[in-house]
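Below: the structure, in structure tokens.
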Amino acid sequence: MPTTLQTIVFPVSQDPDVLPLYADSETWTKVGTRPIRLSNNASIDNVLSRSSAQVRAGQRVSFASYFNAFPAAYWQRWTVVTSVTLSLRTTGRGTIIVYRSNANGVPQRVASHQVSGSESTTFDLPLTSFSDGGWYWFDLIASTEDLVLDGGDWSTAAEPVQTGKLSLGMTTYNKPDYCVATLANIAENPALVAGIDRIFLVDQGTQKVRDEAGFDEVAAALGEHLQIIEQGNLGGSGGFSRSMSETLEREDTDFLLLLDDDIEFETESALRALQFGRFSREPVIVGGHMFDLLDKPVMHAWAEVVRPDPFMWGPSFEEQHRHDFRNRNLRQTKWMHARLDSDYNGWWMCMIPKQVIAEIGLALPVFIKWDDAEYGLRAKAAGYRTVSLPGVALWHVSWLDKDDSQDWQAFFHTRNRLIAGLLHSDRPKSGKLLQNSGRQDIKKLLNMQYYATQLAVDGMRAVLRGPASLHDDISRDMPAARGRAKDFP
């Protein structure tokens, strides 16, 4: 019996901004180096349901899109899957054409099939020659009548390495409305609910999720899958560590998916991450990409690394940052076809095998900042890699409108970066970490940001106190940092 790896999905919100992530109009040209859309055959009005869409007579729509193309290079590199089957159910007359790309983004036609009436079509596609990069996708071309895609998926006949279920760990601080919406979204996906062992909602706030309107209904729908844990505010690292600790006690769980609270969730992504983990040759951390919740076609970063000389996080190259799919979709973005490796993945969405947690432990007790990057580096040192998997993503509230290195979080930026550098830097004296950090402090001074500068000094002093106080101070560091503000009107 084939196992579904990816289901063809569409947005049901009738939001035209997100459509380029699911379907792509076919006709483009270039003016200089800038791609220009000549015609737009993909319309949100043509989305019929979560799994179906139509192509108008005489038009062509490509599914070389973020959520519906198949990232073949990642599956070839990390999993036991050696071939995939594309299955499409259609109604109407037209043509299906399957393409692949190489690491340079050059498209190559693989196969085609003419359809008529109600028909099911399959394409068996090998996962070979994708070592450096490449995708599979398909186009639909309608004939003299509309062509409807009734449903489709990418599947495999391979046997998974692991078969355990997925647990979810959500940490929240006074975001009950977001949490209830996310839980409702999960409850509406029966396939995802079937793959979930337990949802750990770690509530560290004063506005309790259990008191939010709509919670009782969604709790009833999720039943025993949902476990609410209320504890003091220990930050993201404390909340996610609680989920990790709880996961180690779950016999049916093989993977823990960490989720932020202020998100909108593409639930298909969780299923894809789970299947990728199940079929991986060796345990890998599977990360999801982050789109901007307030500018939905924009992605923050594709693959993130810690640059060794300054010991600072960021995208592996700048072109990934704030990529706008309205202007450049998959086929127009050559670098997106190369397989890019990561050092870590942000914990807005990150799936960690239970085996990894059991071996390398919980997150550092650092409240916030650098807990995810440090964990990825720690896992890498233990032989476990992080794969930021295309097609796995959510929408997260952007932090671009506010530089959190200038408020109370400046303490954690400085202290936790130094701790991570002490633990993982392979450069003598951590390379240029101190020089780079000092430059940032000088910049703050010249901008009269004395509060943030003082917190950076406090962070360095905290490092000099050693690791023994981290557990004791995790609940006190944030109030202390915020309390410093009274000295800087």
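Quick note on naming: the chains in the structure tokens go A, B, ... in the order shown, residues restart at 1 in each chain, and ligands are numbered from 1 in order of appearance.
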
Per DSSP on the backbone, filter stretch 56-160 of chain A down to the residues in strand (DSSP E or B) and report them as a compact mmCIF listing (two decimals) with all heavy atoms, in the first residue's frame.
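The resulting result30.txt:
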```txt
# COMPACT_ATOMS: atom_id res chain seq x y z
N ARG A 60 -3.44 27.61 -18.89
CA ARG A 60 -2.42 26.71 -18.36
C ARG A 60 -2.00 27.22 -16.98
O ARG A 60 -1.76 28.41 -16.79
CB ARG A 60 -1.22 26.67 -19.30
CG ARG A 60 -0.03 25.88 -18.81
CD ARG A 60 1.02 25.82 -19.90
NE ARG A 60 2.15 24.96 -19.54
CZ ARG A 60 2.93 24.34 -20.41
NH1 ARG A 60 2.70 24.50 -21.71
NH2 ARG A 60 3.93 23.58 -20.01
N VAL A 61 -1.92 26.30 -16.02
CA VAL A 61 -1.48 26.64 -14.67
C VAL A 61 -0.38 25.65 -14.27
O VAL A 61 -0.51 24.45 -14.46
CB VAL A 61 -2.64 26.58 -13.66
CG1 VAL A 61 -2.13 26.76 -12.24
CG2 VAL A 61 -3.67 27.65 -13.98
N SER A 62 0.69 26.20 -13.72
CA SER A 62 1.79 25.36 -13.24
C SER A 62 1.68 25.19 -11.73
O SER A 62 1.32 26.13 -11.01
CB SER A 62 3.14 26.00 -13.59
OG SER A 62 4.20 25.23 -13.06
N PHE A 70 7.42 19.05 -5.49
CA PHE A 70 8.02 18.03 -4.62
C PHE A 70 9.52 18.26 -4.54
O PHE A 70 10.23 18.19 -5.56
CB PHE A 70 7.75 16.62 -5.18
CG PHE A 70 8.19 15.51 -4.28
CD1 PHE A 70 7.42 15.12 -3.20
CD2 PHE A 70 9.39 14.86 -4.50
CE1 PHE A 70 7.82 14.10 -2.35
CE2 PHE A 70 9.81 13.83 -3.66
CZ PHE A 70 9.02 13.45 -2.59
N THR A 79 16.53 10.48 2.81
CA THR A 79 15.58 9.42 3.12
C THR A 79 15.87 8.14 2.34
O THR A 79 16.72 8.11 1.43
CB THR A 79 14.13 9.86 2.80
OG1 THR A 79 13.91 9.86 1.39
CG2 THR A 79 13.85 11.25 3.35
N SER A 83 12.03 6.40 -5.19
CA SER A 83 11.14 6.84 -6.26
C SER A 83 9.83 7.31 -5.64
O SER A 83 9.46 6.88 -4.54
CB SER A 83 10.87 5.72 -7.28
OG SER A 83 10.16 4.65 -6.66
N VAL A 84 9.14 8.20 -6.36
CA VAL A 84 7.85 8.67 -5.90
C VAL A 84 6.83 8.51 -7.03
O VAL A 84 7.20 8.46 -8.21
CB VAL A 84 7.89 10.15 -5.45
CG1 VAL A 84 8.72 10.30 -4.21
CG2 VAL A 84 8.40 11.05 -6.56
N THR A 85 5.58 8.44 -6.65
CA THR A 85 4.49 8.35 -7.62
C THR A 85 3.61 9.59 -7.48
O THR A 85 3.13 9.89 -6.38
CB THR A 85 3.64 7.09 -7.40
OG1 THR A 85 4.46 5.93 -7.58
CG2 THR A 85 2.48 7.04 -8.38
N LEU A 86 3.44 10.31 -8.57
CA LEU A 86 2.51 11.42 -8.62
C LEU A 86 1.17 10.90 -9.11
O LEU A 86 1.07 10.35 -10.22
CB LEU A 86 3.03 12.51 -9.55
CG LEU A 86 2.05 13.65 -9.88
CD1 LEU A 86 1.67 14.43 -8.62
CD2 LEU A 86 2.64 14.59 -10.93
N SER A 87 0.14 11.03 -8.30
CA SER A 87 -1.20 10.57 -8.65
C SER A 87 -2.13 11.77 -8.74
O SER A 87 -2.23 12.55 -7.78
CB SER A 87 -1.72 9.57 -7.61
OG SER A 87 -0.86 8.46 -7.49
N LEU A 88 -2.83 11.92 -9.87
CA LEU A 88 -3.74 13.05 -10.07
C LEU A 88 -5.09 12.54 -10.54
O LEU A 88 -5.17 11.66 -11.41
CB LEU A 88 -3.17 14.02 -11.12
CG LEU A 88 -1.80 14.64 -10.81
CD1 LEU A 88 -1.30 15.45 -12.00
CD2 LEU A 88 -1.88 15.51 -9.56
N ARG A 89 -6.14 13.10 -9.96
CA ARG A 89 -7.51 12.79 -10.38
C ARG A 89 -8.08 14.04 -11.04
O ARG A 89 -8.12 15.12 -10.41
CB ARG A 89 -8.36 12.35 -9.19
CG ARG A 89 -7.81 11.14 -8.47
CD ARG A 89 -8.68 10.71 -7.30
NE ARG A 89 -8.88 11.78 -6.32
CZ ARG A 89 -7.99 12.12 -5.39
NH1 ARG A 89 -6.82 11.48 -5.33
NH2 ARG A 89 -8.27 13.08 -4.54
N THR A 90 -8.52 13.90 -12.27
CA THR A 90 -8.97 15.06 -13.04
C THR A 90 -10.34 14.80 -13.68
O THR A 90 -10.74 13.66 -13.89
CB THR A 90 -7.96 15.41 -14.15
OG1 THR A 90 -7.76 14.26 -14.98
CG2 THR A 90 -6.64 15.86 -13.56
N THR A 91 -11.02 15.89 -13.99
CA THR A 91 -12.27 15.86 -14.74
C THR A 91 -12.18 16.92 -15.83
O THR A 91 -11.86 18.07 -15.54
CB THR A 91 -13.48 16.14 -13.85
OG1 THR A 91 -13.52 15.18 -12.78
CG2 THR A 91 -14.76 16.05 -14.64
N GLY A 92 -12.49 16.51 -17.08
CA GLY A 92 -12.41 17.44 -18.20
C GLY A 92 -11.33 17.02 -19.19
O GLY A 92 -10.72 15.95 -19.06
N ARG A 93 -11.09 17.87 -20.17
CA ARG A 93 -10.13 17.55 -21.23
C ARG A 93 -8.93 18.47 -21.12
O ARG A 93 -9.05 19.67 -20.89
CB ARG A 93 -10.75 17.69 -22.62
CG ARG A 93 -11.86 16.67 -22.89
CD ARG A 93 -12.41 16.81 -24.29
NE ARG A 93 -11.39 16.60 -25.31
CZ ARG A 93 -11.02 17.51 -26.20
NH1 ARG A 93 -11.57 18.70 -26.20
NH2 ARG A 93 -10.11 17.22 -27.11
N GLY A 94 -7.75 17.85 -21.30
CA GLY A 94 -6.54 18.65 -21.26
C GLY A 94 -5.31 17.78 -21.22
O GLY A 94 -5.35 16.59 -21.54
N THR A 95 -4.21 18.38 -20.81
CA THR A 95 -2.92 17.69 -20.79
C THR A 95 -2.22 17.94 -19.45
O THR A 95 -2.25 19.05 -18.91
CB THR A 95 -2.01 18.19 -21.93
OG1 THR A 95 -2.69 18.00 -23.18
CG2 THR A 95 -0.69 17.44 -21.95
N ILE A 96 -1.62 16.88 -18.93
CA ILE A 96 -0.75 16.97 -17.75
C ILE A 96 0.68 16.82 -18.23
O ILE A 96 1.01 15.88 -18.96
CB ILE A 96 -1.07 15.87 -16.73
CG1 ILE A 96 -2.54 15.90 -16.32
CG2 ILE A 96 -0.16 15.99 -15.51
CD1 ILE A 96 -2.97 14.66 -15.53
N ILE A 97 1.55 17.75 -17.84
CA ILE A 97 2.97 17.65 -18.16
C ILE A 97 3.76 17.68 -16.85
O ILE A 97 3.53 18.55 -16.00
CB ILE A 97 3.45 18.79 -19.07
CG1 ILE A 97 2.62 18.85 -20.35
CG2 ILE A 97 4.94 18.62 -19.40
CD1 ILE A 97 3.03 19.97 -21.30
N VAL A 98 4.65 16.72 -16.68
CA VAL A 98 5.50 16.63 -15.48
C VAL A 98 6.89 17.13 -15.83
O VAL A 98 7.45 16.78 -16.88
CB VAL A 98 5.57 15.18 -14.95
CG1 VAL A 98 6.46 15.11 -13.72
CG2 VAL A 98 4.17 14.67 -14.63
N TYR A 99 7.43 17.97 -14.95
CA TYR A 99 8.76 18.52 -15.13
C TYR A 99 9.63 18.19 -13.92
O TYR A 99 9.14 17.88 -12.83
CB TYR A 99 8.71 20.05 -15.26
CG TYR A 99 8.01 20.55 -16.50
CD1 TYR A 99 6.64 20.80 -16.49
CD2 TYR A 99 8.72 20.79 -17.67
CE1 TYR A 99 6.00 21.28 -17.62
CE2 TYR A 99 8.08 21.27 -18.80
CZ TYR A 99 6.72 21.51 -18.77
OH TYR A 99 6.08 21.98 -19.89
N ARG A 100 10.93 18.30 -14.12
CA ARG A 100 11.89 18.28 -13.04
C ARG A 100 12.88 19.42 -13.28
O ARG A 100 12.93 19.99 -14.38
CB ARG A 100 12.65 16.96 -12.96
CG ARG A 100 13.43 16.58 -14.20
CD ARG A 100 14.59 15.65 -13.88
NE ARG A 100 15.64 16.34 -13.15
CZ ARG A 100 16.68 15.73 -12.58
NH1 ARG A 100 16.77 14.41 -12.63
NH2 ARG A 100 17.60 16.42 -11.95
N SER A 101 13.63 19.76 -12.26
CA SER A 101 14.68 20.76 -12.41
C SER A 101 15.98 20.19 -11.88
O SER A 101 16.00 19.18 -11.17
CB SER A 101 14.32 22.05 -11.68
OG SER A 101 14.23 21.83 -10.28
N PRO A 107 14.63 23.77 -16.03
CA PRO A 107 13.53 22.80 -16.11
C PRO A 107 13.75 21.78 -17.22
O PRO A 107 14.32 22.09 -18.27
CB PRO A 107 12.31 23.68 -16.39
CG PRO A 107 12.87 24.87 -17.11
CD PRO A 107 14.24 25.09 -16.56
N GLN A 108 13.28 20.57 -16.99
CA GLN A 108 13.37 19.49 -17.97
C GLN A 108 12.04 18.75 -18.00
O GLN A 108 11.54 18.35 -16.95
CB GLN A 108 14.51 18.52 -17.62
CG GLN A 108 15.87 19.19 -17.53
CD GLN A 108 16.92 18.31 -16.87
OE1 GLN A 108 16.60 17.25 -16.33
NE2 GLN A 108 18.16 18.75 -16.90
N ARG A 109 11.51 18.56 -19.19
CA ARG A 109 10.24 17.84 -19.32
C ARG A 109 10.47 16.35 -19.11
O ARG A 109 11.38 15.75 -19.69
CB ARG A 109 9.62 18.10 -20.68
CG ARG A 109 8.31 17.40 -20.95
CD ARG A 109 7.64 17.96 -22.18
NE ARG A 109 6.52 17.16 -22.63
CZ ARG A 109 5.52 17.63 -23.37
NH1 ARG A 109 5.52 18.90 -23.75
NH2 ARG A 109 4.54 16.84 -23.74
N VAL A 110 9.63 15.73 -18.27
CA VAL A 110 9.81 14.32 -17.90
C VAL A 110 8.77 13.44 -18.58
O VAL A 110 9.09 12.38 -19.13
CB VAL A 110 9.72 14.16 -16.38
CG1 VAL A 110 9.76 12.69 -15.99
CG2 VAL A 110 10.85 14.92 -15.69
N ALA A 111 7.50 13.83 -18.53
CA ALA A 111 6.43 12.99 -19.08
C ALA A 111 5.20 13.85 -19.31
O ALA A 111 5.09 14.97 -18.78
CB ALA A 111 6.10 11.84 -18.13
N SER A 112 4.27 13.33 -20.12
CA SER A 112 2.99 14.03 -20.33
C SER A 112 1.90 13.01 -20.59
O SER A 112 2.17 11.86 -20.97
CB SER A 112 3.09 15.01 -21.50
OG SER A 112 3.31 14.31 -22.72
N HIS A 113 0.64 13.45 -20.38
CA HIS A 113 -0.49 12.55 -20.59
C HIS A 113 -1.72 13.39 -20.87
O HIS A 113 -1.99 14.38 -20.18
CB HIS A 113 -0.72 11.68 -19.35
CG HIS A 113 -1.87 10.73 -19.50
ND1 HIS A 113 -1.81 9.61 -20.31
CD2 HIS A 113 -3.11 10.73 -18.93
CE1 HIS A 113 -2.97 8.96 -20.23
NE2 HIS A 113 -3.77 9.62 -19.41
N GLN A 114 -2.47 13.00 -21.91
CA GLN A 114 -3.73 13.68 -22.22
C GLN A 114 -4.86 13.00 -21.46
O GLN A 114 -4.92 11.77 -21.36
CB GLN A 114 -4.00 13.63 -23.73
CG GLN A 114 -3.04 14.49 -24.53
CD GLN A 114 -3.41 14.55 -26.00
OE1 GLN A 114 -4.12 13.67 -26.52
NE2 GLN A 114 -2.95 15.58 -26.68
N VAL A 115 -5.75 13.83 -20.90
CA VAL A 115 -6.85 13.30 -20.10
C VAL A 115 -8.17 13.75 -20.69
O VAL A 115 -8.26 14.78 -21.37
CB VAL A 115 -6.74 13.77 -18.63
CG1 VAL A 115 -5.52 13.18 -17.97
CG2 VAL A 115 -6.71 15.29 -18.54
N SER A 118 -13.56 11.82 -16.50
CA SER A 118 -13.04 11.59 -15.15
C SER A 118 -11.94 10.54 -15.24
O SER A 118 -12.19 9.41 -15.68
CB SER A 118 -14.15 11.12 -14.21
OG SER A 118 -15.12 12.14 -14.04
N GLU A 119 -10.75 10.91 -14.80
CA GLU A 119 -9.61 10.03 -15.03
C GLU A 119 -8.63 10.14 -13.87
O GLU A 119 -8.45 11.20 -13.27
CB GLU A 119 -8.93 10.43 -16.35
CG GLU A 119 -7.89 9.43 -16.84
CD GLU A 119 -7.47 9.71 -18.28
OE1 GLU A 119 -8.24 10.36 -19.03
OE2 GLU A 119 -6.36 9.28 -18.63
N SER A 120 -7.97 9.00 -13.58
CA SER A 120 -6.88 8.98 -12.61
C SER A 120 -5.59 8.68 -13.35
O SER A 120 -5.52 7.71 -14.13
CB SER A 120 -7.11 7.91 -11.53
OG SER A 120 -8.26 8.23 -10.75
N THR A 121 -4.59 9.49 -13.13
CA THR A 121 -3.32 9.37 -13.86
C THR A 121 -2.19 9.27 -12.86
O THR A 121 -2.17 10.00 -11.85
CB THR A 121 -3.09 10.60 -14.75
OG1 THR A 121 -4.23 10.80 -15.58
CG2 THR A 121 -1.86 10.41 -15.62
N THR A 122 -1.25 8.37 -13.11
CA THR A 122 -0.09 8.23 -12.24
C THR A 122 1.19 8.35 -13.04
O THR A 122 1.26 7.94 -14.21
CB THR A 122 -0.09 6.89 -11.49
OG1 THR A 122 -0.08 5.81 -12.45
CG2 THR A 122 -1.31 6.76 -10.60
N PHE A 123 2.20 8.90 -12.41
CA PHE A 123 3.54 9.01 -12.99
C PHE A 123 4.53 8.47 -11.96
O PHE A 123 4.60 8.96 -10.84
CB PHE A 123 3.89 10.46 -13.31
CG PHE A 123 2.96 11.13 -14.28
CD1 PHE A 123 1.83 11.80 -13.83
CD2 PHE A 123 3.21 11.10 -15.65
CE1 PHE A 123 0.97 12.44 -14.70
CE2 PHE A 123 2.35 11.73 -16.54
CZ PHE A 123 1.23 12.40 -16.08
N ASP A 124 5.31 7.45 -12.35
CA ASP A 124 6.35 6.90 -11.49
C ASP A 124 7.66 7.63 -11.78
O ASP A 124 8.16 7.60 -12.91
CB ASP A 124 6.51 5.39 -11.71
CG ASP A 124 5.27 4.63 -11.29
OD1 ASP A 124 4.69 4.99 -10.25
OD2 ASP A 124 4.88 3.67 -11.99
N LEU A 125 8.21 8.26 -10.75
CA LEU A 125 9.32 9.19 -10.94
C LEU A 125 10.49 8.79 -10.07
O LEU A 125 10.36 8.73 -8.83
CB LEU A 125 8.86 10.61 -10.59
CG LEU A 125 7.61 11.09 -11.32
CD1 LEU A 125 7.09 12.38 -10.70
CD2 LEU A 125 7.90 11.30 -12.80
N PRO A 126 11.65 8.51 -10.64
CA PRO A 126 12.81 8.10 -9.83
C PRO A 126 13.44 9.28 -9.11
O PRO A 126 13.45 10.41 -9.61
CB PRO A 126 13.77 7.53 -10.88
CG PRO A 126 13.43 8.26 -12.15
CD PRO A 126 11.94 8.50 -12.09
N GLY A 133 20.48 19.20 -5.97
CA GLY A 133 19.27 20.00 -5.96
C GLY A 133 18.29 19.55 -7.02
O GLY A 133 18.58 18.67 -7.84
N TYR A 136 10.47 18.12 -8.54
CA TYR A 136 9.46 17.67 -9.50
C TYR A 136 8.23 18.58 -9.36
O TYR A 136 7.92 19.06 -8.26
CB TYR A 136 9.01 16.24 -9.21
CG TYR A 136 9.89 15.14 -9.75
CD1 TYR A 136 10.46 14.20 -8.89
CD2 TYR A 136 10.13 15.02 -11.12
CE1 TYR A 136 11.25 13.17 -9.37
CE2 TYR A 136 10.93 14.00 -11.62
CZ TYR A 136 11.49 13.08 -10.75
OH TYR A 136 12.27 12.06 -11.24
N TRP A 137 7.53 18.80 -10.49
CA TRP A 137 6.24 19.48 -10.44
C TRP A 137 5.44 19.11 -11.69
O TRP A 137 5.93 18.39 -12.56
CB TRP A 137 6.40 21.00 -10.32
CG TRP A 137 6.95 21.70 -11.53
CD1 TRP A 137 6.27 22.13 -12.63
CD2 TRP A 137 8.33 22.05 -11.76
NE1 TRP A 137 7.12 22.74 -13.52
CE2 TRP A 137 8.38 22.71 -13.00
CE3 TRP A 137 9.51 21.89 -11.03
CZ2 TRP A 137 9.58 23.19 -13.55
CZ3 TRP A 137 10.69 22.37 -11.55
CH2 TRP A 137 10.72 23.01 -12.80
N PHE A 138 4.22 19.60 -11.77
CA PHE A 138 3.38 19.32 -12.94
C PHE A 138 2.63 20.58 -13.34
O PHE A 138 2.39 21.48 -12.53
CB PHE A 138 2.40 18.18 -12.66
CG PHE A 138 1.38 18.49 -11.59
CD1 PHE A 138 0.12 18.98 -11.92
CD2 PHE A 138 1.68 18.28 -10.25
CE1 PHE A 138 -0.82 19.26 -10.94
CE2 PHE A 138 0.74 18.56 -9.26
CZ PHE A 138 -0.50 19.05 -9.59
N ASP A 139 2.30 20.65 -14.62
CA ASP A 139 1.45 21.70 -15.19
C ASP A 139 0.15 21.08 -15.68
O ASP A 139 0.14 19.92 -16.14
CB ASP A 139 2.13 22.41 -16.36
CG ASP A 139 3.27 23.32 -15.93
OD1 ASP A 139 3.64 23.28 -14.74
OD2 ASP A 139 3.79 24.06 -16.78
N LEU A 140 -0.94 21.84 -15.61
CA LEU A 140 -2.21 21.44 -16.18
C LEU A 140 -2.58 22.41 -17.29
O LEU A 140 -2.57 23.63 -17.08
CB LEU A 140 -3.31 21.43 -15.12
CG LEU A 140 -3.19 20.41 -13.99
CD1 LEU A 140 -4.39 20.52 -13.05
CD2 LEU A 140 -3.07 18.98 -14.52
N ILE A 141 -2.89 21.87 -18.48
CA ILE A 141 -3.29 22.69 -19.62
C ILE A 141 -4.69 22.25 -20.05
O ILE A 141 -4.90 21.10 -20.45
CB ILE A 141 -2.31 22.53 -20.81
CG1 ILE A 141 -0.87 22.87 -20.37
CG2 ILE A 141 -2.73 23.41 -21.97
CD1 ILE A 141 -0.04 21.68 -20.00
N ALA A 142 -5.64 23.15 -19.91
CA ALA A 142 -7.02 22.83 -20.28
C ALA A 142 -7.21 22.95 -21.79
O ALA A 142 -6.64 23.84 -22.43
CB ALA A 142 -7.99 23.75 -19.56
N SER A 143 -8.03 22.07 -22.36
CA SER A 143 -8.33 22.10 -23.78
C SER A 143 -9.48 23.08 -24.03
O SER A 143 -9.48 24.18 -23.48
CB SER A 143 -8.68 20.69 -24.25
OG SER A 143 -8.92 20.67 -25.64
N THR A 144 -10.44 22.70 -24.82
CA THR A 144 -11.55 23.59 -25.15
C THR A 144 -12.62 23.64 -24.07
O THR A 144 -13.62 24.32 -24.21
CB THR A 144 -12.19 23.15 -26.48
OG1 THR A 144 -12.58 21.77 -26.37
CG2 THR A 144 -11.20 23.31 -27.64
N GLU A 145 -12.41 22.89 -23.00
CA GLU A 145 -13.31 22.95 -21.85
C GLU A 145 -12.47 23.00 -20.58
O GLU A 145 -11.26 22.76 -20.60
CB GLU A 145 -14.24 21.74 -21.82
CG GLU A 145 -13.51 20.40 -21.70
CD GLU A 145 -14.45 19.21 -21.79
OE1 GLU A 145 -15.00 18.96 -22.88
OE2 GLU A 145 -14.62 18.55 -20.73
N ASP A 146 -13.11 23.35 -19.47
CA ASP A 146 -12.37 23.46 -18.21
C ASP A 146 -11.80 22.10 -17.81
O ASP A 146 -12.37 21.04 -18.09
CB ASP A 146 -13.28 23.96 -17.10
CG ASP A 146 -13.71 25.40 -17.30
OD1 ASP A 146 -13.19 26.04 -18.24
OD2 ASP A 146 -14.56 25.88 -16.53
N LEU A 147 -10.65 22.16 -17.15
CA LEU A 147 -10.01 20.97 -16.60
C LEU A 147 -9.96 21.14 -15.08
O LEU A 147 -9.42 22.12 -14.58
CB LEU A 147 -8.60 20.80 -17.16
CG LEU A 147 -7.80 19.60 -16.65
CD1 LEU A 147 -8.49 18.28 -17.01
CD2 LEU A 147 -6.38 19.63 -17.21
N VAL A 148 -10.54 20.19 -14.36
CA VAL A 148 -10.60 20.27 -12.90
C VAL A 148 -9.65 19.25 -12.30
O VAL A 148 -9.68 18.07 -12.65
CB VAL A 148 -12.03 20.02 -12.39
CG1 VAL A 148 -12.05 19.98 -10.85
CG2 VAL A 148 -12.98 21.09 -12.91
N LEU A 149 -8.79 19.72 -11.40
CA LEU A 149 -7.98 18.83 -10.60
C LEU A 149 -8.80 18.49 -9.35
O LEU A 149 -9.01 19.33 -8.48
CB LEU A 149 -6.66 19.51 -10.20
CG LEU A 149 -5.76 18.74 -9.24
CD1 LEU A 149 -5.29 17.42 -9.87
CD2 LEU A 149 -4.57 19.58 -8.80
N ASP A 150 -9.27 17.25 -9.30
CA ASP A 150 -10.12 16.83 -8.18
C ASP A 150 -9.30 16.46 -6.95
O ASP A 150 -9.83 16.48 -5.83
CB ASP A 150 -10.98 15.64 -8.60
CG ASP A 150 -11.94 15.99 -9.72
OD1 ASP A 150 -12.67 16.98 -9.57
OD2 ASP A 150 -11.94 15.29 -10.75
N GLY A 151 -8.04 16.14 -7.14
CA GLY A 151 -7.18 15.78 -6.02
C GLY A 151 -5.89 15.17 -6.51
O GLY A 151 -5.79 14.75 -7.68
N GLY A 152 -4.89 15.14 -5.65
CA GLY A 152 -3.62 14.55 -6.05
C GLY A 152 -2.68 14.41 -4.87
O GLY A 152 -2.88 15.01 -3.81
N ASP A 153 -1.64 13.60 -5.06
CA ASP A 153 -0.64 13.43 -4.01
C ASP A 153 0.64 12.86 -4.59
O ASP A 153 0.68 12.36 -5.72
CB ASP A 153 -1.16 12.54 -2.87
CG ASP A 153 -1.57 11.15 -3.35
OD1 ASP A 153 -0.72 10.42 -3.89
OD2 ASP A 153 -2.77 10.80 -3.21
N TRP A 154 1.70 12.97 -3.80
CA TRP A 154 3.00 12.35 -4.06
C TRP A 154 3.15 11.23 -3.03
O TRP A 154 3.02 11.46 -1.84
CB TRP A 154 4.12 13.36 -3.91
CG TRP A 154 3.99 14.61 -4.73
CD1 TRP A 154 3.28 15.73 -4.41
CD2 TRP A 154 4.58 14.86 -6.00
NE1 TRP A 154 3.40 16.67 -5.41
CE2 TRP A 154 4.20 16.17 -6.40
CE3 TRP A 154 5.41 14.12 -6.86
CZ2 TRP A 154 4.61 16.75 -7.59
CZ3 TRP A 154 5.82 14.70 -8.05
CH2 TRP A 154 5.43 15.99 -8.42
N SER A 155 3.42 9.99 -3.49
CA SER A 155 3.46 8.86 -2.58
C SER A 155 4.66 7.97 -2.88
O SER A 155 5.37 8.17 -3.88
CB SER A 155 2.17 8.03 -2.68
OG SER A 155 2.05 7.47 -3.98
N THR A 156 4.89 6.99 -2.03
CA THR A 156 5.99 6.05 -2.23
C THR A 156 5.57 4.66 -1.80
O THR A 156 4.71 4.49 -0.92
CB THR A 156 7.24 6.47 -1.43
OG1 THR A 156 8.31 5.57 -1.71
CG2 THR A 156 6.96 6.45 0.07
```

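Here the residues within stretch 311-403 of chain A that DSSP labels alpha helix (DSSP H) on the basis of the backbone are A:Lys354, A:Gln355, A:Val356, A:Ile357, A:Ala358, A:Glu359, A:Ile360, A:Asp371, A:Asp372, A:Ala373, A:Glu374, A:Tyr375, A:Gly376, A:Leu377, A:Arg378, A:Ala379, A:Lys380, A:Ala381.
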
Review point. Which residues, written as a VMD selection string, have at least one atom at most 10 Å from A:Ala381, with only C-alpha atoms counted and residues fewer than 6 positions away on the same chain left out?
Key: chain A and resid 360 375 424

Which residues of stretch 382-484 of chain A sit at most 12 Å from stretch 213-232 of chain A, using only C-alpha atoms? Give each one's shortest atom pair and distance in Å (one decimal place), in chain and ascending residue order, as a tab-separated table.
```
residue	atom	partner	partner_atom	distance
A:Ile474	CA	A:Gly232	CA	10.3
A:Ser475	CA	A:Gly232	CA	7.6
A:Arg476	CA	A:Gly232	CA	10.9
```

Residues of stretch 72-102 of chain A that have any atom at most 7 Å from an atom of stretch 332-351 of chain A: could you tabulate them with the shortest-distance atom pair and the distance in Å to one decimal, using only C-alpha atoms, ordered by chain and increasing number, as a tab-separated table?
```
residue	atom	partner	partner_atom	distance
A:Ala73	CA	A:Arg339	CA	6.2
A:Tyr74	CA	A:Arg339	CA	6.7
A:Asn102	CA	A:His337	CA	6.8
```

Review point. Quick one: distance from atom CA of A:Gln409 to atom CA of A:Met478 in Å, one decimal?
Key: 8.0 Å

Report as a tab-separated table the residues of stretch 140-238 of chain A within 8 Å of stretch 253-257 of chain A, each with its shortest atom pair and distance in Å (one decimal), using only C-alpha atoms, ordered by chain and increasing residue number.
```
residue	atom	partner	partner_atom	distance
A:Gln162	CA	A:Asp254	CA	7.6
A:Thr163	CA	A:Asp254	CA	7.7
A:Gly164	CA	A:Asp254	CA	4.8
A:Lys165	CA	A:Thr253	CA	4.7
A:Leu166	CA	A:Phe255	CA	5.0
A:Ser167	CA	A:Leu256	CA	4.8
A:Leu168	CA	A:Leu257	CA	4.7
A:Gly169	CA	A:Leu257	CA	6.0
A:Asp197	CA	A:Thr253	CA	6.1
```

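The space between atom CA of A:Trp408 and atom CA of A:Ala456 spans 9.7 Å.
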
Practice item. Name all residues at most 6 Å from stretch 174-178 of chain A (count only C-alpha atoms; drop same-chain ones fewer than 6 positions away) and give them as a list in words. Key: Gly205, Gln207, Val209 and Asp262 of chain A

**Study point:** Atom pair atom CA of A:Ala273 / atom CA of A:Val286: separation (Å)
**Key:**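 A separation of 6.2 Å between them.
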
**Study point:** Selected residue, from A:Leu434, A:Val387, A:Val193, A:Ser237, that lies nearest to A:Trp302 when counting only C-alpha atoms
**Key:**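 Of the candidates, the smallest distance to A:Trp302 is held by A:Val387.
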